[in-house]
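> What follows is run_35.txt, compact mmCIF, C-alpha atoms.
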```
# COMPACT_ATOMS: atom_id res chain seq x y z
CA MET A 1 -18.40 4.41 6.47
CA THR A 2 -21.96 3.19 5.96
CA GLY A 3 -23.85 -0.04 5.52
CA THR A 4 -24.12 -3.27 7.47
CA PRO A 5 -20.64 -4.56 8.39
CA VAL A 6 -19.54 -7.60 6.39
CA ILE A 7 -17.61 -8.75 9.48
CA GLN A 8 -18.61 -7.92 13.03
CA THR A 9 -17.49 -9.53 16.29
CA ARG A 10 -18.64 -9.16 19.88
CA ASP A 11 -16.14 -9.91 22.65
CA LEU A 12 -14.61 -12.65 20.50
CA THR A 13 -12.06 -14.58 22.56
CA LYS A 14 -9.87 -17.64 22.00
CA SER A 15 -7.70 -19.21 24.69
CA TYR A 16 -5.35 -22.15 24.45
CA GLY A 17 -4.91 -23.52 27.93
CA GLY A 18 -4.26 -20.49 30.08
CA VAL A 19 -3.02 -18.34 27.19
CA ALA A 20 -5.41 -15.95 25.41
CA ALA A 21 -4.60 -15.68 21.70
CA VAL A 22 -7.50 -13.28 21.04
CA ARG A 23 -9.07 -11.19 23.80
CA GLY A 24 -12.52 -9.60 23.73
CA LEU A 25 -12.31 -8.62 20.06
CA ASN A 26 -14.94 -6.12 18.89
CA LEU A 27 -14.15 -5.79 15.21
CA SER A 28 -16.17 -4.08 12.48
CA VAL A 29 -15.35 -4.39 8.78
CA GLU A 30 -17.40 -2.23 6.44
CA PRO A 31 -18.71 -3.16 2.97
CA ASN A 32 -17.13 -1.81 -0.22
CA ARG A 33 -13.79 -1.27 1.53
CA ILE A 34 -10.30 -2.74 1.59
CA THR A 35 -9.49 -3.40 5.24
CA ALA A 36 -5.96 -4.24 6.35
CA PHE A 37 -5.44 -6.35 9.48
CA LEU A 38 -2.04 -5.50 10.96
CA GLY A 39 -0.12 -7.02 13.85
CA GLN A 40 3.15 -8.58 14.87
CA ASN A 41 3.78 -12.32 14.57
CA GLY A 42 1.69 -14.04 17.22
CA ALA A 43 -0.68 -11.07 17.63
CA GLY A 44 -3.70 -13.28 16.91
CA LYS A 45 -4.49 -12.35 13.30
CA SER A 46 -4.61 -15.88 11.87
CA THR A 47 -6.55 -17.18 14.88
CA THR A 48 -9.11 -14.41 14.36
CA ILE A 49 -9.49 -15.24 10.68
CA LYS A 50 -9.91 -18.95 11.44
CA MET A 51 -12.63 -18.16 13.99
CA LEU A 52 -14.43 -16.00 11.43
CA LEU A 53 -14.43 -18.92 8.99
CA GLY A 54 -15.47 -21.57 11.51
CA MET A 55 -12.10 -23.33 11.40
CA VAL A 56 -11.47 -22.57 15.09
CA ARG A 57 -14.22 -22.39 17.71
CA PRO A 58 -14.19 -19.30 19.96
CA SER A 59 -13.74 -19.79 23.69
CA CYS A 60 -16.42 -17.13 24.15
CA GLY A 61 -18.00 -14.27 22.27
CA ASP A 62 -19.57 -14.39 18.83
CA GLY A 63 -19.63 -12.64 15.48
CA THR A 64 -21.12 -12.53 12.02
CA VAL A 65 -19.65 -12.71 8.53
CA LEU A 66 -21.98 -11.58 5.74
CA GLY A 67 -24.75 -11.58 8.35
CA LYS A 68 -24.21 -15.26 9.25
CA ARG A 69 -23.26 -16.24 12.81
CA ILE A 70 -19.80 -17.77 12.98
CA THR A 71 -20.76 -20.06 15.89
CA ASP A 72 -23.77 -21.55 14.08
CA ALA A 73 -22.58 -24.50 11.98
CA LYS A 74 -25.35 -24.23 9.37
CA GLU A 75 -25.02 -20.47 8.94
CA ASN A 76 -21.23 -20.69 8.87
CA CYS A 77 -21.36 -23.29 6.10
CA GLU A 78 -23.68 -21.07 4.05
CA MET A 79 -21.39 -18.09 4.57
CA ARG A 80 -18.27 -19.91 3.40
CA ARG A 81 -19.85 -20.54 -0.01
CA SER A 82 -19.76 -16.76 -0.53
CA VAL A 83 -16.23 -16.14 0.79
CA ALA A 84 -12.97 -16.62 -1.11
CA TYR A 85 -10.17 -17.37 1.37
CA VAL A 86 -6.41 -17.61 0.99
CA ALA A 87 -4.74 -19.16 4.03
CA GLU A 88 -1.40 -18.09 5.47
CA ASN A 89 0.35 -21.37 4.60
CA LYS A 90 -1.34 -21.63 1.15
CA PRO A 91 -2.40 -25.32 1.49
CA LEU A 92 -2.76 -27.03 -1.90
CA TYR A 93 -2.67 -30.62 -3.13
CA GLY A 94 1.00 -31.24 -3.87
CA TYR A 95 0.42 -34.24 -6.14
CA MET A 96 -1.72 -32.21 -8.58
CA THR A 97 -0.36 -30.15 -11.44
CA VAL A 98 -1.23 -26.48 -11.73
CA GLU A 99 -3.73 -27.28 -14.50
CA GLN A 100 -5.37 -30.05 -12.44
CA THR A 101 -5.60 -27.76 -9.40
CA ILE A 102 -7.38 -25.05 -11.38
CA ARG A 103 -9.76 -27.52 -13.03
CA PHE A 104 -10.49 -29.17 -9.66
CA ALA A 105 -11.18 -25.88 -7.87
CA SER A 106 -13.30 -24.43 -10.66
CA SER A 107 -15.69 -27.40 -10.51
CA PHE A 108 -16.85 -26.35 -7.02
CA TYR A 109 -17.85 -22.75 -7.77
CA SER A 110 -20.74 -21.50 -9.86
CA ASP A 111 -19.14 -18.03 -9.72
CA TRP A 112 -15.91 -19.19 -11.37
CA ARG A 113 -14.65 -16.82 -14.10
CA THR A 114 -12.61 -18.72 -16.68
CA ASN A 115 -11.47 -15.53 -18.42
CA VAL A 116 -10.02 -14.15 -15.17
CA ALA A 117 -8.27 -17.45 -14.43
CA LYS A 118 -6.66 -17.44 -17.89
CA LYS A 119 -5.58 -13.81 -17.51
CA LEU A 120 -3.94 -14.45 -14.13
CA LEU A 121 -2.37 -17.68 -15.35
CA ASN A 122 -0.61 -15.66 -18.03
CA GLU A 123 0.34 -12.75 -15.72
CA TYR A 124 1.66 -15.04 -12.99
CA LYS A 125 3.51 -17.22 -15.53
CA LEU A 126 2.38 -20.39 -13.78
CA PRO A 127 3.61 -23.63 -15.43
CA LEU A 128 0.49 -25.69 -16.18
CA GLN A 129 2.15 -29.11 -16.14
CA ARG A 130 4.29 -28.62 -13.02
CA LYS A 131 3.18 -30.36 -9.85
CA VAL A 132 2.30 -28.08 -6.97
CA LYS A 133 4.86 -29.73 -4.67
CA SER A 134 7.64 -28.65 -7.05
CA LEU A 135 6.58 -25.00 -7.14
CA SER A 136 8.47 -22.27 -5.29
CA LYS A 137 6.81 -20.56 -2.34
CA GLY A 138 6.02 -17.54 -4.47
CA MET A 139 4.48 -19.67 -7.22
CA ARG A 140 2.27 -21.50 -4.70
CA THR A 141 1.12 -18.13 -3.38
CA LYS A 142 0.27 -16.98 -6.92
CA LEU A 143 -1.70 -20.16 -7.56
CA ALA A 144 -3.65 -19.73 -4.31
CA LEU A 145 -4.41 -16.12 -5.24
CA LEU A 146 -5.57 -17.17 -8.71
CA LEU A 147 -8.03 -19.64 -7.17
CA ALA A 148 -9.49 -16.82 -5.03
CA PHE A 149 -9.50 -14.03 -7.61
CA ALA A 150 -11.02 -16.17 -10.36
CA ARG A 151 -14.22 -16.36 -8.34
CA ARG A 152 -16.81 -13.63 -7.84
CA PRO A 153 -17.26 -13.86 -4.06
CA GLU A 154 -19.19 -11.59 -1.73
CA LEU A 155 -16.08 -11.23 0.45
CA LEU A 156 -12.35 -11.86 0.09
CA ILE A 157 -10.37 -12.88 3.20
CA LEU A 158 -6.62 -13.12 2.64
CA ASP A 159 -4.09 -14.13 5.29
CA GLU A 160 -0.61 -12.80 4.41
CA PRO A 161 -1.33 -12.86 0.64
CA SER A 162 2.04 -11.32 -0.33
CA GLU A 163 4.14 -13.96 1.45
CA GLY A 164 6.83 -15.26 -0.89
CA LEU A 165 6.06 -12.79 -3.67
CA ASP A 166 8.76 -10.72 -5.38
CA PRO A 167 8.22 -6.98 -6.06
CA VAL A 168 6.53 -7.69 -9.41
CA GLY A 169 4.23 -10.23 -7.77
CA ILE A 170 3.35 -7.78 -4.99
CA GLU A 171 2.52 -5.10 -7.56
CA LEU A 172 0.20 -7.50 -9.40
CA LEU A 173 -1.43 -8.42 -6.09
CA LEU A 174 -2.10 -4.78 -5.21
CA GLN A 175 -3.59 -4.17 -8.64
CA MET A 176 -5.90 -7.16 -8.19
CA LEU A 177 -7.01 -5.98 -4.74
CA VAL A 178 -7.95 -2.58 -6.14
CA ALA A 179 -9.68 -4.19 -9.15
CA GLN A 180 -11.72 -6.51 -6.92
CA ALA A 181 -12.72 -3.64 -4.64
CA SER A 182 -13.77 -1.54 -7.65
CA GLN A 183 -16.17 -4.35 -8.55
CA GLY A 184 -17.78 -4.10 -5.12
CA VAL A 185 -16.01 -6.98 -3.39
CA PRO A 186 -15.01 -6.09 0.19
CA ILE A 187 -11.53 -7.29 1.14
CA PHE A 188 -10.15 -8.17 4.57
CA PHE A 189 -6.46 -9.05 4.53
CA SER A 190 -3.62 -9.43 6.99
CA SER A 191 -0.14 -8.27 6.05
CA HIS A 192 3.31 -7.31 7.29
CA GLN A 193 3.94 -5.15 4.22
CA ILE A 194 2.95 -1.79 5.69
CA ALA A 195 4.17 0.30 2.74
CA GLU A 196 2.00 -1.74 0.38
CA VAL A 197 -0.95 -1.65 2.79
CA GLU A 198 -0.80 2.14 2.87
CA ARG A 199 -1.16 2.24 -0.92
CA VAL A 200 -4.42 0.31 -1.15
CA ALA A 201 -6.20 0.09 2.22
CA ASP A 202 -9.26 2.16 3.09
CA ASP A 203 -9.45 1.00 6.70
CA ILE A 204 -6.87 -0.19 9.23
CA CYS A 205 -7.22 -2.63 12.12
CA ILE A 206 -4.24 -3.12 14.45
CA LEU A 207 -4.13 -6.16 16.71
CA ASP A 208 -1.53 -6.71 19.42
CA ASN A 209 -1.39 -9.44 22.06
CA GLY A 210 -4.87 -10.47 20.99
CA ARG A 211 -6.38 -7.02 21.60
CA LEU A 212 -7.77 -4.66 18.97
CA LEU A 213 -5.98 -1.30 19.36
CA VAL A 214 -7.10 0.50 16.19
CA ASN A 215 -10.18 0.09 13.95
CA ALA A 216 -10.44 3.22 11.83
CA SER A 217 -10.20 4.57 8.30
CA LEU A 218 -6.74 5.36 6.98
CA ASP A 219 -7.91 8.89 6.18
CA HIS A 220 -8.93 9.39 9.81
CA LEU A 221 -5.55 8.15 11.04
CA ARG A 222 -3.73 10.49 8.66
CA GLU A 223 -5.84 13.45 9.77
CA SER A 224 -5.62 12.72 13.50
CA TYR A 225 -2.13 11.43 14.28
CA ARG A 226 0.70 13.94 14.70
CA ARG A 227 4.29 14.00 15.90
CA ILE A 228 5.02 17.23 17.77
CA ASP A 229 8.61 18.24 18.51
CA LEU A 230 9.00 20.86 21.23
CA VAL A 231 11.95 22.82 22.65
CA PHE A 232 11.67 24.72 25.95
CA PRO A 233 13.95 27.12 27.83
CA PHE A 234 13.82 24.61 30.69
CA ALA A 235 13.42 20.85 31.14
CA PRO A 236 9.60 20.42 30.99
CA PRO A 237 7.88 17.87 33.22
CA GLU A 238 6.05 15.19 31.20
CA TYR A 239 2.97 15.36 33.42
CA GLU A 240 2.20 18.76 31.89
CA PHE A 241 1.25 16.95 28.67
CA GLN A 242 -1.04 14.25 30.02
CA ILE A 243 -3.70 15.42 27.56
CA ALA A 244 -6.42 13.23 26.00
CA GLY A 245 -5.02 11.80 22.77
CA VAL A 246 -1.36 11.92 23.80
CA GLU A 247 -0.13 8.37 23.31
CA ARG A 248 3.57 8.71 24.04
CA ILE A 249 6.00 11.32 25.35
CA HIS A 250 9.78 11.22 25.06
CA SER A 251 11.81 13.99 26.66
CA GLN A 252 15.53 14.67 26.80
CA GLY A 253 16.80 17.80 28.44
CA HIS A 254 14.96 20.81 27.04
CA GLU A 255 13.51 18.81 24.14
CA MET A 256 10.29 16.83 24.04
CA ARG A 257 8.62 14.69 21.38
CA VAL A 258 4.88 14.05 21.70
CA PHE A 259 3.05 11.38 19.71
CA ALA A 260 -0.68 12.18 19.62
CA SER A 261 -3.65 10.37 18.11
CA LYS A 262 -5.85 13.48 18.52
CA ASN A 263 -5.93 16.92 20.15
CA ALA A 264 -2.67 18.05 18.54
CA GLU A 265 -3.88 21.66 18.71
CA ALA A 266 -4.37 21.36 22.48
CA VAL A 267 -0.81 20.07 22.85
CA ILE A 268 0.55 22.93 20.76
CA GLU A 269 -1.44 25.55 22.66
CA HIS A 270 -0.27 24.19 26.01
CA ALA A 271 3.35 24.15 24.81
CA ARG A 272 3.09 27.81 23.85
CA ASP A 273 1.54 28.59 27.25
CA LEU A 274 4.69 27.05 28.73
CA ASN A 275 6.86 29.36 26.55
CA ALA A 276 8.11 26.76 24.09
CA VAL A 277 10.83 28.29 21.91
CA SER A 278 10.21 25.85 19.06
CA VAL A 279 7.14 23.89 17.95
CA GLU A 280 7.27 21.59 14.93
CA VAL A 281 4.32 19.46 13.87
CA ALA A 282 4.52 16.61 11.35
CA PRO A 283 2.00 14.08 10.01
CA VAL A 284 2.67 10.45 10.86
CA ALA A 285 3.00 7.61 8.34
CA LEU A 286 1.12 4.36 8.88
CA ARG A 287 4.37 2.56 9.71
CA ASP A 288 5.03 4.97 12.59
CA ILE A 289 1.42 4.76 13.78
CA PHE A 290 1.73 0.98 13.85
CA LEU A 291 5.08 0.94 15.65
CA GLU A 292 4.09 3.55 18.21
CA THR A 293 0.72 1.92 18.88
CA VAL A 294 2.22 -1.52 19.40
CA LYS A 295 5.07 -0.08 21.46
CA GLU A 296 2.63 1.76 23.71
CA ASN A 297 0.58 -1.41 24.21
```
Is it possible to give me this structure as structure tokens?


Amino acid sequence: MTGTPVIQTRDLTKSYGGVAAVRGLNLSVEPNRITAFLGQNGAGKSTTIKMLLGMVRPSCGDGTVLGKRITDAKENCEMRRSVAYVAENKPLYGYMTVEQTIRFASSFYSDWRTNVAKKLLNEYKLPLQRKVKSLSKGMRTKLALLLAFARRPELLILDEPSEGLDPVGIELLLQMLVAQASQGVPIFFSSHQIAEVERVADDICILDNGRLLVNASLDHLRESYRRIDLVFPFAPPEYEFQIAGVERIHSQGHEMRVFASKNAEAVIEHARDLNAVSVEVAPVALRDIFLETVKEN
């Protein structure tokens, strides 16, 4: 990964009363990449995104988006002109029709692409004369996505963009993410749809309890993480496998399962030194990496 990060934070923290929603976040999002922001409900993803966009003021720490400081009101305002954002709750004016909403939004942006808006309007099958308040959750999500994708921003930030979408809608969303990225638009999006994330993301960030646990490329995670199943002629003590990179150990009788983020070869070599009768190594899917990482935390 090269280039100046499009998003970078330094010890970014947000507390509500005595509760820290985001804790000392040091995040780096690279240009020309699709970066997925994963975490359980309440992990701090939406709070982080709102701090990046100046909608929530950090308790301490700082950061930049497109080189503009998020805590400087003037710089933050300049930055937001270059960012297309879709919020988690997809706020839209309920009294407007779909057509009025598109016309209203397009008047604000010099980078608006009418041809893209018409294409998405047709693909999403949005009813032009229906009022927004009468639309289903999925239709409101599609309209919010249209308003973001019809622009030509320097950065796309999407908070749970697949919420309410059916499988066809999710497929269209993934295609649009890849198309935007191919045009050089970096994308930072939060999601619970790990299977879909794995199909399109270049980089993965995992947040849990307000702390950043993973910030790495998906290729690196696939190359590094391994599940190692071991069988011994005796019940092995777990302390024998306190090796750098071992994230979790589960043993039962003569069997042991090791979850490692690196140094799998060292684990295997040590198991053979201890006369393991069976050693099986398997790559780990993103879903398992996420679950094991959050569980460990």

> Grab the CA of Gly253 (chain A) to CA of Lys295 (chain A) distance for me, in Å with one decimal place.

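Going from CA of Gly253 (chain A) over to CA of Lys295 (chain A) covers 22.5 Å.
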
> Where does region 187-223 of chain A meet region 281-286 of chain A within 10 Å, residue by residue, with the nearest atom pair and distance in Å to one decimal for each, counting all atoms listed in the file, listed by chain and rising number, as CSV?


```
residue,atom,partner,partner_atom,distance
A:Ile194,CA,A:Leu286,CA,7.2
A:Ala195,CA,A:Leu286,CA,8.0
A:Val197,CA,A:Leu286,CA,8.8
A:Glu198,CA,A:Leu286,CA,6.7
A:Ile204,CA,A:Leu286,CA,9.2
A:Leu218,CA,A:Leu286,CA,8.1
A:Leu221,CA,A:Leu286,CA,8.0
A:Arg222,CA,A:Val284,CA,6.8
A:Glu223,CA,A:Pro283,CA,7.9
```

> Taking all atoms listed in the file into account, produce a table as JSON lines in which each residue of region 49-154 of chain A with an atom at most 12 Å from an atom of region 16-36 of chain A appears once, together with its shortest atom pair and the distance in Å to one decimal, ordered by chain and rising number.


```
{"residue": "A:Ile49", "atom": "CA", "partner": "A:Val22", "partner_atom": "CA", "distance": 10.7}
{"residue": "A:Lys50", "atom": "CA", "partner": "A:Val22", "partner_atom": "CA", "distance": 11.4}
{"residue": "A:Met51", "atom": "CA", "partner": "A:Val22", "partner_atom": "CA", "distance": 10.0}
{"residue": "A:Leu52", "atom": "CA", "partner": "A:Leu27", "partner_atom": "CA", "distance": 10.9}
{"residue": "A:Val56", "atom": "CA", "partner": "A:Tyr16", "partner_atom": "CA", "distance": 11.2}
{"residue": "A:Arg57", "atom": "CA", "partner": "A:Tyr16", "partner_atom": "CA", "distance": 11.1}
{"residue": "A:Pro58", "atom": "CA", "partner": "A:Val22", "partner_atom": "CA", "distance": 9.1}
{"residue": "A:Ser59", "atom": "CA", "partner": "A:Tyr16", "partner_atom": "CA", "distance": 8.7}
{"residue": "A:Cys60", "atom": "CA", "partner": "A:Gly24", "partner_atom": "CA", "distance": 8.5}
{"residue": "A:Gly61", "atom": "CA", "partner": "A:Gly24", "partner_atom": "CA", "distance": 7.3}
{"residue": "A:Asp62", "atom": "CA", "partner": "A:Leu25", "partner_atom": "CA", "distance": 9.4}
{"residue": "A:Gly63", "atom": "CA", "partner": "A:Asn26", "partner_atom": "CA", "distance": 8.7}
{"residue": "A:Thr64", "atom": "CA", "partner": "A:Ser28", "partner_atom": "CA", "distance": 9.8}
{"residue": "A:Val65", "atom": "CA", "partner": "A:Val29", "partner_atom": "CA", "distance": 9.4}
{"residue": "A:Leu66", "atom": "CA", "partner": "A:Pro31", "partner_atom": "CA", "distance": 9.4}
{"residue": "A:Gly67", "atom": "CA", "partner": "A:Pro31", "partner_atom": "CA", "distance": 11.7}
{"residue": "A:Glu154", "atom": "CA", "partner": "A:Pro31", "partner_atom": "CA", "distance": 9.7}
```

> Do you have the CA of Met96 (chain A)-CA of Asn115 (chain A) distance handy?

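Computed distance, CA of Met96 (chain A) to CA of Asn115 (chain A), equals 21.7 Å.
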
> List the spatial neighbours of Arg103 (chain A) as a CSV table (one decimal) with C-alpha atoms, in the coordinates of the input - criterion: any atom at most 12 Å away, only C-alpha atoms, same-chain residues fewer than 4 positions off excluded.


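Final output, saved to result.csv:
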```csv
chain,number,residue,atom,x,y,z
A,96,MET,CA,-1.7,-32.2,-8.6
A,97,THR,CA,-0.4,-30.2,-11.4
A,98,VAL,CA,-1.2,-26.5,-11.7
A,99,GLU,CA,-3.7,-27.3,-14.5
A,107,SER,CA,-15.7,-27.4,-10.5
A,108,PHE,CA,-16.8,-26.4,-7.0
A,109,TYR,CA,-17.8,-22.8,-7.8
A,112,TRP,CA,-15.9,-19.2,-11.4
A,113,ARG,CA,-14.6,-16.8,-14.1
A,114,THR,CA,-12.6,-18.7,-16.7
A,117,ALA,CA,-8.3,-17.4,-14.4
A,118,LYS,CA,-6.7,-17.4,-17.9
A,128,LEU,CA,0.5,-25.7,-16.2
A,146,LEU,CA,-5.6,-17.2,-8.7
A,147,LEU,CA,-8.0,-19.6,-7.2
A,150,ALA,CA,-11.0,-16.2,-10.4
```

> Which polymer residues, protein or nucleic acid, are no farther than 12 Å from (-21.3, -24.4, -0.9), counting all atoms listed in the file, as a list in words?

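The distance filter leaves exactly Lys74, Glu75, Asn76, Cys77, Glu78, Met79, Arg80, Arg81, Ser82, Val83, Ala84, Ser107, Phe108, Tyr109, Ser110, Asp111 and Pro153 of chain A.
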
> I'd like the contact shell of Leu274 (chain A) - 10 Å cut-off, all atoms listed in the file, skipping same-chain residues fewer than 5 positions apart - returned as an MDAnalysis selection string.

chainID A and resid 232:234 236 240 268:269

> Which residues come within 10 Å of Asn89 (chain A), counting all atoms listed in the file, excluding same-chain residues fewer than 6 positions away, as a PyMOL selection string?

chain A and resi 137+140-141+144+159-161+163

> For a test of reading the model, state the distance in Å between CA of Glu255 (chain A) and CA of Ala235 (chain A), rounded to one decimal.

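Distance between the two atoms: 7.3 Å.
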
> Calculated over only C-alpha atoms, which of the candidates A:Lys131, A:Val6, A:Thr71, A:Val214 has the smallest distance to Ile187 (chain A)?

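Ranked by minimum distance to Ile187 (chain A), first place goes to A:Val6.
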
> Can you tell me, as a list in words, what residues are no more than 12 Å from Val294 (chain A) when counting only C-alpha atoms, ignoring any on the same chain fewer than 3 positions away?

Leu38, Gly39, Gln40, Asn41, Ala43, Cys205, Ile206, Leu207, Asp208, Asn209, Gly210, Arg211, Leu212, Leu213, Val214, Glu247, Arg248, Arg287, Asp288, Ile289, Phe290, Leu291 and Asn297 of chain A

> Just C-alpha atoms for this one: save the residues we selected as a PDB file, in the coordinates of the input.


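Dumped everything to out_28.pdb:
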```
ATOM      1  CA  LEU A  38      -2.040  -5.500  10.960  1.00  0.00           C
ATOM      2  CA  GLY A  39      -0.120  -7.020  13.850  1.00  0.00           C
ATOM      3  CA  GLN A  40       3.150  -8.580  14.870  1.00  0.00           C
ATOM      4  CA  ASN A  41       3.780 -12.320  14.570  1.00  0.00           C
ATOM      5  CA  ALA A  43      -0.680 -11.070  17.630  1.00  0.00           C
ATOM      6  CA  CYS A 205      -7.220  -2.630  12.120  1.00  0.00           C
ATOM      7  CA  ILE A 206      -4.240  -3.120  14.450  1.00  0.00           C
ATOM      8  CA  LEU A 207      -4.130  -6.160  16.710  1.00  0.00           C
ATOM      9  CA  ASP A 208      -1.530  -6.710  19.420  1.00  0.00           C
ATOM     10  CA  ASN A 209      -1.390  -9.440  22.060  1.00  0.00           C
ATOM     11  CA  GLY A 210      -4.870 -10.470  20.990  1.00  0.00           C
ATOM     12  CA  ARG A 211      -6.380  -7.020  21.600  1.00  0.00           C
ATOM     13  CA  LEU A 212      -7.770  -4.660  18.970  1.00  0.00           C
ATOM     14  CA  LEU A 213      -5.980  -1.300  19.360  1.00  0.00           C
ATOM     15  CA  VAL A 214      -7.100   0.500  16.190  1.00  0.00           C
ATOM     16  CA  GLU A 247      -0.130   8.370  23.310  1.00  0.00           C
ATOM     17  CA  ARG A 248       3.570   8.710  24.040  1.00  0.00           C
ATOM     18  CA  ARG A 287       4.370   2.560   9.710  1.00  0.00           C
ATOM     19  CA  ASP A 288       5.030   4.970  12.590  1.00  0.00           C
ATOM     20  CA  ILE A 289       1.420   4.760  13.780  1.00  0.00           C
ATOM     21  CA  PHE A 290       1.730   0.980  13.850  1.00  0.00           C
ATOM     22  CA  LEU A 291       5.080   0.940  15.650  1.00  0.00           C
ATOM     23  CA  ASN A 297       0.580  -1.410  24.210  1.00  0.00           C
TER      24      ASN A 297
END
```

> Using all atoms listed in the file, pick whichever of A:Ser278, A:Thr9, A:Ser224, A:Ser190 has the shortest atom-to-atom distance to Ser162 (chain A).

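Among the listed residues, A:Ser190 lies closest to Ser162 (chain A).
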
> Determine the nearest neighbour of Ile249 (chain A) from the options A:Asp273, A:Glu292, A:Glu280, A:Glu265, counting all atoms listed in the file.

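Smallest distance to Ile249 (chain A) is found for A:Glu292.
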